[in-house]
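Engineer: Have a look at the structure that comes next, please.
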Amino acid sequence: MPLKEFRPLTPPQRYKVLPSFEEVTKKTPEKSLLSPLKRSGGRNNTGRITTRHIGGGHKRHYRLVDFKRRKHDVPAKVLGIEYDPNRTCRIALIQYEDGQKSYILSPAGLEVGATVVAGAKVAPKPGNSMPLSEVPLGTAIHNIELIPGNGGKVARAAGQQAILSNRDGEWALVKMPSGEIRRFNSNCYCTIGQVGNRDHMNEVSGKAGRTRWQGTRPTVRGMCMNPVDHPNGGGEGKSKSGGGRQHLLSPWGHAKGEKTRKKKKPTGTFIVERRKNKKR
């Protein structure tokens, strides 16, 4: 998907890089697949802020995306590619032979008029869904189930893909987008191909206002706060010693870079090889 740059007629346009939306063929969403979406402002059911920097933003409807693909061996035609404000990738509107419509994540290369199908004995084409036991080795996949029948959970963001590297009995070894190699039940379904909108990571908002439209509030550095508000706060002026930069901590006192994953987490038994740290 190509990106669009702008002439620097105003300061925000100087660095702004936005998608061209050339792949989007349908502007109005399917009303039968919309659901209300209430904004929480990052607060839980007691009113306390549990996730910071959330608030404001444009109103949205949630698109009911079919992550399970339980309509097996029934071909569906792609009616259009749409923009989804709730996720980084595009979504595809499909219609089955019986007239039922559904949304799926749009993989790279999927075009309007193409036919997609889910099932155990389908061709490994982009957009088709099949169990890991039937996928050819070395195939790029996305929307992978962690538990058979629970719907896809892994590799759903823009540009994401996992690689089916091997099979060992009833287990399939999948190389995750992070580089981690993990075991999955061979009966878990996945979708063939790489998630579309691969250039999403290269987008540049250009101005703070656009970030506010997307529902993200400003982030204040800890060293600019008072000691009562943050472990890095305090000090006389821009301090590096008397309260400020020397404690690289989170607001709750955790050291930056400290591993927070539980050492005895039950799902750790499915990890065959940890992800490799990138060389700096």
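Identifiers in this document derive from the order of the structure tokens: chains are assigned A, B, ..., residues are numbered from 1 separately in each chain, and ligands are numbered from 1 in order of occurrence.
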Quick one: everything within 6 Å of segment 135-144 of chain A, counting only C-alpha atoms, minus sequence neighbours fewer than 2 positions away in the same chain. Send it as a list in words.
Structural biologist: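 With the cut-off at 6 Å, the set is Leu132, Ser133, Gly152, Lys153, Val154, Ala155, Arg156, Gln161, Ala162, Ile163, Leu164, Ser165, Cys190, Thr191, Ile192 and Gly193 of chain A.
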Engineer: Can you measure atom CA of Pro107 of chain A to atom CA of Arg198 of chain A for me? One decimal in Å is fine.
Structural biologist: 9.7 Å
Engineer: Would you kindly return, as a VMD selection string, each protein, DNA or RNA residue with an atom no farther than 10 Å from any atom of Asn86 of chain A, considering only C-alpha atoms and excluding same-chain residues fewer than 2 positions away?
Structural biologist: chain A and resid 37 60 to 63 83 to 84 88 to 90 214
Engineer: Which of segment 41-220 of chain A counts as alpha helix (DSSP H) under DSSP, as a CSV table (one decimal) with N, CA and C atoms, in the first residue's frame please?
Structural biologist:
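The resulting file, states.csv, is reproduced below:
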```csv
chain,number,residue,atom,x,y,z
A,208,ALA,N,0.0,17.0,16.6
A,208,ALA,CA,-0.6,16.4,17.8
A,208,ALA,C,-2.1,16.3,17.7
A,209,GLY,N,-2.8,17.1,16.9
A,209,GLY,CA,-4.2,17.1,16.8
A,209,GLY,C,-4.7,15.8,16.2
A,210,ARG,N,-4.0,15.3,15.2
A,210,ARG,CA,-4.5,14.0,14.6
A,210,ARG,C,-4.4,12.9,15.6
A,211,THR,N,-3.4,12.9,16.5
A,211,THR,CA,-3.2,11.9,17.5
A,211,THR,C,-4.4,12.0,18.5
A,212,ARG,N,-4.8,13.2,18.8
A,212,ARG,CA,-6.0,13.4,19.7
A,212,ARG,C,-7.3,12.9,19.0
A,213,TRP,N,-7.4,13.1,17.7
A,213,TRP,CA,-8.6,12.6,17.0
A,213,TRP,C,-8.7,11.0,17.1
```
Engineer: Would you list the contacts of Lys4 of chain A as a list in words, taking every protein, DNA or RNA residue within 10 Å and counting only C-alpha atoms, but skipping same-chain residues closer than 5 positions in sequence?
Structural biologist: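 Within the cut-off, the hits are Lys16, Val17, Leu18, Pro19, Ser20, Phe21 and Glu203 of chain A.
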Engineer: For Val78 of chain A, list every protein, DNA or RNA residue within 9 Å, evaluated using only C-alpha atoms, and leave out those in the same chain fewer than 2 positions away; present the list as a count of residues only.
Structural biologist: 14
Engineer: I'd like the neighbourhood of segment 70-72 of chain A as a list of chain:residue names, where a residue qualifies if any of its atoms comes within 12 Å (using only C-alpha atoms), though same-chain residues fewer than 6 positions away should be ignored.
Structural biologist: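 What passes the distance filter is A:Gln95, A:Tyr96, A:Glu97, A:Asp98, A:Gln100, A:Lys101, A:Ser102, A:Val116, A:Val117, A:Ala118, A:Gly119, A:Ala120, A:Lys121, A:Val122, A:Asn128, A:Ser129, A:Met130, A:Pro131, A:Pro148, A:Gly149, A:Asn150, A:Gly151, A:Gly152, A:Cys188, A:Tyr189, A:Cys190.
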Engineer: Between A:Gly215, A:Arg48, A:Asn166, A:Pro251, which is the closest to Asp229 of chain A once you count only C-alpha atoms?
Structural biologist: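 Comparing A:Gly215, A:Arg48, A:Asn166, A:Pro251 against Asp229 of chain A, the winner is A:Pro251.
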Engineer: Tell me, which residues of segment 10-213 of chain A carry DSSP strand (DSSP E), written as JSON, numbers by chain?
Structural biologist: {"A": [17, 18, 19, 34, 35, 36, 61, 62, 63, 76, 77, 78, 79, 80, 81, 82, 91, 92, 93, 94, 95, 96, 101, 102, 103, 104, 105, 115, 116, 129, 130, 131, 140, 141, 142, 144, 145, 152, 153, 154, 162, 163, 164, 165, 166, 167, 168, 171, 172, 173, 174, 175, 181, 182, 183, 184, 185, 189, 190, 191, 192]}
Engineer: Using only C-alpha atoms, pick whichever of A:Gly196, A:Asp66, A:Asp168, A:Arg182 has the shortest atom-to-atom distance to Gly109 of chain A.
Structural biologist: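 Of the candidates, the smallest distance to Gly109 of chain A is held by A:Gly196.
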Engineer: Identify which of the residues A:Asn226, A:Arg52, A:Glu5, A:Phe270 lies closest to Asn185 of chain A, counting only C-alpha atoms when measuring atom-to-atom distances.
Structural biologist: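 With only C-alpha atoms as the atom set, the closest residue is A:Phe270.
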